[in-house]
Amino acid sequence: MTARAPRIRVQRRPVHGVLLLDKPLGLSSNDALQKAKWLLRAEKAGHTGTLDPLATGVLPLCFGAATKFSALQLDAPKTYEAIALLGTTTSTGDAEGQVLQQRSVDAAQLAPERLEAVRRQFLGRIRQVPPMYSALKKEGRALYEYARAGIEVERPAREVEIFELNLAQTLAGQALPAIKIVVRCSKGTYIRTLAEDIGNALGCGAHLAALRRIETGGLDAARCITLAELEALSEPARLAQVLPVQTLLSRHVPITLDEEDAGRFLSGLRRRGPWPDAAAVAVYGRQPQALLGVGHVRGGELIADRLLSPLEIQQMLQPPEHPPPERPPDRPPESAPASAAP
């Protein structure tokens, strides 16, 4: 009997920055993260909030020091393109569920003035009841776990904000009546629920047939790379796709400190200076030019909120080292079970 050769583990390395991934259809956010982490041989990684497996589009992945600022993207407004198939409602609010009801769709329901009236109805602050097939937790269990067990639980409505909304008549599938939805919304907005509610407001019902996130926190799909494209690159070219950590801080006011103040700021000490009050600042050292962390300014005092470690700063100033050649694993890590998400 021939002994199997020992499996050689991939040598991980510190990678610091943000990869803008165009998540493919059918893959969970965590599965996409794990494959990208494997391709980059990164030590530490996290994503900026789940994107439904049935959705595609912008999924910023954070590596190393960037994980400290991932919550900024989680809280950021997001823009989606969606197709809502009219006349049919389902148990999950999307094409995966069982059909609950089918109704006819007439021309009057899709008249421009009717679509405009419904569009105005959903602009601004609205209240949504979270869907049962979501990752929202109740008593320590995700709602989709109750739903899969056939249990309906009470969900209080939550307030979200729709900043921009456009509705246009289109066709889907076998020339079925549908509307294209382009929406810019606050965090916590369920697009499946929005599609269902718009269908109900039109009087014919609807479910979500397709969903793509095209922007989040100022990061748009045009800057993204797919997993297939990333895998096809050489190792140095893959690393070149990782954007600097400060990509997540484009809306922060920059402040640069001299060497003495930079050292004290990194120790958590407040610094005084001629800075106007600001709720979010990105703090840099002057020599060398390096990101130190984020904070806020109140009454002329710079106060740290999240700091990088000296080791992280040192590693960010140096190009990543390429590990010595070695046999890679037979395949990327096994996929984790997909979970429901907003």
# chains A, B, ... in the order shown; residues from 1 in each chain; ligands from 1
$ residues_around --residues "region 47-53 of chain A" --least-positions-apart "6" --cutoff "7 Å" --atoms "only C-alpha atoms" --output "ChimeraX atom specification"
/A:25-29,33,60-62,70-71,73-74,340-342
$ select_by_dssp --residues "region 119-297 of chain A" --states "alpha helix (DSSP H)" --output "PyMOL selection string"
chain A and resi 119-121+143-148+191-202+227-232+235-240+259-266
$ closest_residue --among "A:Pro156, A:Gly150, A:Pro288, A:Gly217" --to "Ile313 (chain A)" --atoms "only C-alpha atoms"
A:Pro288
$ residues_around --residues "Ala36 (chain A)" --least-positions-apart "2" --cutoff "9 Å" --atoms "only C-alpha atoms" --output "list in words"
Leu19, Leu21, Asp31, Ala32, Leu33, Gln34, Trp38, Leu39, Leu40, Arg41, Ala42, Leu61, Leu227, Leu230 and Glu231 of chain A
$ write_last_selection --atoms "N, CA and C atoms" --output "PDB file, in the first residue's frame"
ATOM      1  N   LEU A  19      -9.550  44.407  -0.597  1.00  0.00           N
ATOM      2  CA  LEU A  19      -9.795  43.848  -1.920  1.00  0.00           C
ATOM      3  C   LEU A  19     -11.257  44.084  -2.266  1.00  0.00           C
ATOM      4  N   LEU A  21     -14.085  42.959  -4.158  1.00  0.00           N
ATOM      5  CA  LEU A  21     -14.478  41.747  -4.855  1.00  0.00           C
ATOM      6  C   LEU A  21     -15.863  41.906  -5.467  1.00  0.00           C
ATOM      7  N   ASP A  31     -17.730  32.261   2.096  1.00  0.00           N
ATOM      8  CA  ASP A  31     -17.021  31.406   1.154  1.00  0.00           C
ATOM      9  C   ASP A  31     -16.138  32.233   0.226  1.00  0.00           C
ATOM     10  N   ALA A  32     -16.662  33.362  -0.239  1.00  0.00           N
ATOM     11  CA  ALA A  32     -15.880  34.246  -1.103  1.00  0.00           C
ATOM     12  C   ALA A  32     -14.664  34.786  -0.354  1.00  0.00           C
ATOM     13  N   LEU A  33     -14.861  35.158   0.902  1.00  0.00           N
ATOM     14  CA  LEU A  33     -13.759  35.653   1.727  1.00  0.00           C
ATOM     15  C   LEU A  33     -12.677  34.590   1.886  1.00  0.00           C
ATOM     16  N   GLN A  34     -13.080  33.357   2.203  1.00  0.00           N
ATOM     17  CA  GLN A  34     -12.097  32.305   2.449  1.00  0.00           C
ATOM     18  C   GLN A  34     -11.282  31.980   1.200  1.00  0.00           C
ATOM     19  N   TRP A  38      -7.268  32.578   0.798  1.00  0.00           N
ATOM     20  CA  TRP A  38      -6.399  31.474   0.372  1.00  0.00           C
ATOM     21  C   TRP A  38      -5.531  31.891  -0.812  1.00  0.00           C
ATOM     22  N   LEU A  39      -6.136  32.602  -1.779  1.00  0.00           N
ATOM     23  CA  LEU A  39      -5.391  33.029  -2.961  1.00  0.00           C
ATOM     24  C   LEU A  39      -4.294  34.028  -2.606  1.00  0.00           C
ATOM     25  N   LEU A  40      -4.538  34.857  -1.606  1.00  0.00           N
ATOM     26  CA  LEU A  40      -3.552  35.862  -1.194  1.00  0.00           C
ATOM     27  C   LEU A  40      -2.604  35.354  -0.108  1.00  0.00           C
ATOM     28  N   ARG A  41      -2.886  34.161   0.436  1.00  0.00           N
ATOM     29  CA  ARG A  41      -2.112  33.582   1.536  1.00  0.00           C
ATOM     30  C   ARG A  41      -2.079  34.538   2.739  1.00  0.00           C
ATOM     31  N   ALA A  42      -3.182  35.174   2.983  1.00  0.00           N
ATOM     32  CA  ALA A  42      -3.251  36.193   4.029  1.00  0.00           C
ATOM     33  C   ALA A  42      -3.479  35.561   5.398  1.00  0.00           C
ATOM     34  N   LEU A  61     -13.434  43.205   0.930  1.00  0.00           N
ATOM     35  CA  LEU A  61     -12.809  42.256   1.842  1.00  0.00           C
ATOM     36  C   LEU A  61     -11.632  42.939   2.511  1.00  0.00           C
ATOM     37  N   LEU A 227     -13.404  36.600  -8.502  1.00  0.00           N
ATOM     38  CA  LEU A 227     -12.531  35.542  -7.996  1.00  0.00           C
ATOM     39  C   LEU A 227     -11.799  34.848  -9.135  1.00  0.00           C
ATOM     40  N   LEU A 230      -8.972  37.055 -10.191  1.00  0.00           N
ATOM     41  CA  LEU A 230      -7.922  37.046  -9.177  1.00  0.00           C
ATOM     42  C   LEU A 230      -7.109  35.755  -9.253  1.00  0.00           C
ATOM     43  N   GLU A 231      -7.787  34.640  -9.424  1.00  0.00           N
ATOM     44  CA  GLU A 231      -7.103  33.348  -9.472  1.00  0.00           C
ATOM     45  C   GLU A 231      -6.188  33.241 -10.689  1.00  0.00           C
TER      46      GLU A 231
END
$ select_by_dssp --residues "region 254-320 of chain A" --states "strand (DSSP E)" --output "ChimeraX atom specification"
/A:254-257,271-272,278-285,290-298,301-307
$ closest_residue --among "A:Val281, A:Ala84, A:Val297, A:Ile179" --to "Leu249 (chain A)" --atoms "only C-alpha atoms"
A:Val281
$ atom_distance --atom1 "CA of Thr216 (chain A)" --atom2 "CA of Asp277 (chain A)"
26.1 Å
$ atom_distance --atom1 "CA of Gly295 (chain A)" --atom2 "CA of Ala282 (chain A)"
6.6 Å
$ atom_distance --atom1 "CA of Gly17 (chain A)" --atom2 "CA of Gly64 (chain A)"
6.8 Å
$ closest_residue --among "A:Leu302, A:Leu202, A:Leu20, A:Val183" --to "Leu110 (chain A)" --atoms "only C-alpha atoms"
A:Leu202
$ residues_around --residues "region 88-104 of chain A" --least-positions-apart "2" --cutoff "7 Å" --atoms "only C-alpha atoms" --output "number ranges by chain"
A: 85-86, 106, 133, 192-193, 196, 204-209
$ residues_around --residues "Glu259 (chain A)" --least-positions-apart "5" --cutoff "8 Å" --atoms "only C-alpha atoms" --output "PyMOL selection string"
chain A and resi 285-287
$ write_last_selection --atoms "C-alpha atoms" --output "PDB file, in the first residue's frame"
ATOM      1  CA  GLY A 285       2.504  60.317  10.737  1.00  0.00           C
ATOM      2  CA  ARG A 286       4.645  62.757   8.777  1.00  0.00           C
ATOM      3  CA  GLN A 287       7.940  60.836   8.738  1.00  0.00           C
TER       4      GLN A 287
END
$ closest_residue --among "A:Leu176, A:Leu292, A:Leu194, A:Ala147" --to "Gly263 (chain A)" --atoms "only C-alpha atoms"
A:Leu292
$ closest_residue --among "A:Gln315, A:Pro310, A:Tyr190, A:Arg155" --to "Lys137 (chain A)" --atoms "only C-alpha atoms"
A:Arg155
$ residues_around --residues "Ala107 (chain A)" --least-positions-apart "4" --cutoff "10 Å" --atoms "only C-alpha atoms" --output "PyMOL selection string"
chain A and resi 111-112+177
$ residues_around --residues "Leu291 (chain A)" --least-positions-apart "3" --cutoff "9 Å" --atoms "only C-alpha atoms" --output "list in words"
Val245, Gln246, Ala282, Val283, Tyr284, Gly285, Val294, Leu308, Ile313 and Met316 of chain A
$ write_last_selection --atoms "C-alpha atoms" --output "short mmCIF file (atom, residue, chain, number, x, y, z; two decimals), in the first residue's frame"
data_model
loop_
_atom_site.label_atom_id
_atom_site.label_comp_id
_atom_site.auth_asym_id
_atom_site.auth_seq_id
_atom_site.Cartn_x
_atom_site.Cartn_y
_atom_site.Cartn_z
CA VAL A 245 -6.15 50.43 4.26
CA GLN A 246 -7.04 54.13 3.94
CA ALA A 282 -7.82 59.70 9.74
CA VAL A 283 -4.49 60.32 11.48
CA TYR A 284 -1.13 59.97 9.71
CA GLY A 285 2.50 60.32 10.74
CA VAL A 294 -8.74 57.05 13.34
CA LEU A 308 -2.94 50.51 14.52
CA ILE A 313 2.42 50.10 10.68
CA MET A 316 2.30 48.31 5.90
#
$ closest_residue --among "A:Arg264, A:Arg184, A:His296, A:Arg270" --to "Gly218 (chain A)" --atoms "only C-alpha atoms"
A:Arg184
$ decode --residues "region 149-255 of chain A" --atoms "C-alpha atoms" --output "compact mmCIF listing (two decimals), in the first residue's frame"
# COMPACT_ATOMS: atom_id res chain seq x y z
CA ALA A 149 -38.39 24.56 10.89
CA GLY A 150 -41.76 25.96 9.80
CA ILE A 151 -41.97 28.36 12.74
CA GLU A 152 -43.17 31.93 12.21
CA VAL A 153 -41.96 34.38 14.88
CA GLU A 154 -43.02 37.94 15.51
CA ARG A 155 -40.60 40.53 14.10
CA PRO A 156 -40.97 44.18 15.09
CA ALA A 157 -40.75 46.66 12.22
CA ARG A 158 -37.48 48.56 11.94
CA GLU A 159 -36.86 52.01 10.52
CA VAL A 160 -34.56 52.32 7.51
CA GLU A 161 -33.98 55.16 5.05
CA ILE A 162 -34.31 55.18 1.27
CA PHE A 163 -32.15 58.03 -0.05
CA GLU A 164 -32.76 57.49 -3.77
CA LEU A 165 -35.19 55.21 -5.61
CA ASN A 166 -35.92 54.62 -9.27
CA LEU A 167 -38.58 52.24 -10.66
CA ALA A 168 -38.80 51.29 -14.32
CA GLN A 169 -40.98 48.77 -16.14
CA THR A 170 -39.08 45.83 -17.64
CA LEU A 171 -39.46 42.13 -18.46
CA ALA A 172 -37.90 39.11 -16.76
CA GLY A 173 -37.55 35.44 -17.54
CA GLN A 174 -40.14 34.34 -20.11
CA ALA A 175 -41.16 37.92 -20.92
CA LEU A 176 -42.91 38.21 -17.55
CA PRO A 177 -43.85 41.67 -16.24
CA ALA A 178 -41.27 43.06 -13.86
CA ILE A 179 -39.81 46.30 -12.56
CA LYS A 180 -36.17 47.30 -12.31
CA ILE A 181 -35.37 48.87 -8.95
CA VAL A 182 -32.31 51.05 -8.38
CA VAL A 183 -32.08 52.05 -4.73
CA ARG A 184 -29.59 53.81 -2.49
CA CYS A 185 -30.42 53.00 1.10
CA SER A 186 -29.22 52.92 4.68
CA LYS A 187 -27.70 49.90 6.37
CA GLY A 188 -30.20 47.27 7.47
CA THR A 189 -32.49 47.70 4.46
CA TYR A 190 -33.86 44.42 3.15
CA ILE A 191 -34.17 44.65 -0.62
CA ARG A 192 -36.33 41.51 -0.75
CA THR A 193 -38.78 43.17 1.61
CA LEU A 194 -38.66 46.39 -0.39
CA ALA A 195 -39.48 44.47 -3.60
CA GLU A 196 -42.38 42.69 -1.86
CA ASP A 197 -43.72 45.94 -0.39
CA ILE A 198 -43.52 47.72 -3.76
CA GLY A 199 -45.39 44.82 -5.36
CA ASN A 200 -48.10 45.06 -2.71
CA ALA A 201 -48.34 48.83 -3.22
CA LEU A 202 -48.86 48.22 -6.96
CA GLY A 203 -51.64 45.79 -6.10
CA CYS A 204 -50.20 42.69 -7.77
CA GLY A 205 -47.51 41.39 -5.41
CA ALA A 206 -43.88 40.67 -6.31
CA HIS A 207 -40.77 38.75 -5.37
CA LEU A 208 -37.08 39.46 -5.91
CA ALA A 209 -35.75 37.80 -9.06
CA ALA A 210 -32.24 39.29 -9.19
CA LEU A 211 -30.07 41.48 -6.96
CA ARG A 212 -26.74 43.20 -7.51
CA ARG A 213 -24.93 45.59 -5.17
CA ILE A 214 -23.28 48.24 -7.31
CA GLU A 215 -21.85 50.51 -4.61
CA THR A 216 -21.15 50.65 -0.89
CA GLY A 217 -19.67 53.59 0.99
CA GLY A 218 -18.27 55.17 -2.19
CA LEU A 219 -16.71 51.91 -3.46
CA ASP A 220 -18.32 50.89 -6.74
CA ALA A 221 -18.50 47.82 -8.95
CA ALA A 222 -16.26 49.33 -11.64
CA ARG A 223 -13.27 48.93 -9.30
CA CYS A 224 -14.00 45.31 -8.39
CA ILE A 225 -12.30 42.10 -9.46
CA THR A 226 -13.90 38.65 -9.69
CA LEU A 227 -12.53 35.54 -8.00
CA ALA A 228 -11.84 33.99 -11.41
CA GLU A 229 -9.83 37.05 -12.46
CA LEU A 230 -7.92 37.05 -9.18
CA GLU A 231 -7.10 33.35 -9.47
CA ALA A 232 -5.77 33.82 -13.02
CA LEU A 233 -3.18 36.40 -11.88
CA SER A 234 0.36 35.76 -10.74
CA GLU A 235 1.02 36.08 -7.02
CA PRO A 236 2.58 39.60 -7.25
CA ALA A 237 -0.32 40.72 -9.45
CA ARG A 238 -2.84 39.39 -6.91
CA LEU A 239 -1.20 41.41 -4.15
CA ALA A 240 -1.30 44.49 -6.39
CA GLN A 241 -5.11 44.26 -6.34
CA VAL A 242 -5.13 44.89 -2.58
CA LEU A 243 -5.83 48.59 -2.03
CA PRO A 244 -4.36 50.56 0.91
CA VAL A 245 -6.15 50.43 4.26
CA GLN A 246 -7.04 54.13 3.94
CA THR A 247 -9.34 53.24 1.04
CA LEU A 248 -11.93 52.68 3.79
CA LEU A 249 -11.32 56.17 5.17
CA SER A 250 -12.06 58.38 2.16
CA ARG A 251 -14.73 60.28 4.09
CA HIS A 252 -12.47 60.94 7.09
CA VAL A 253 -10.75 64.30 7.52
CA PRO A 254 -6.95 63.72 7.27
CA ILE A 255 -4.67 64.98 10.04
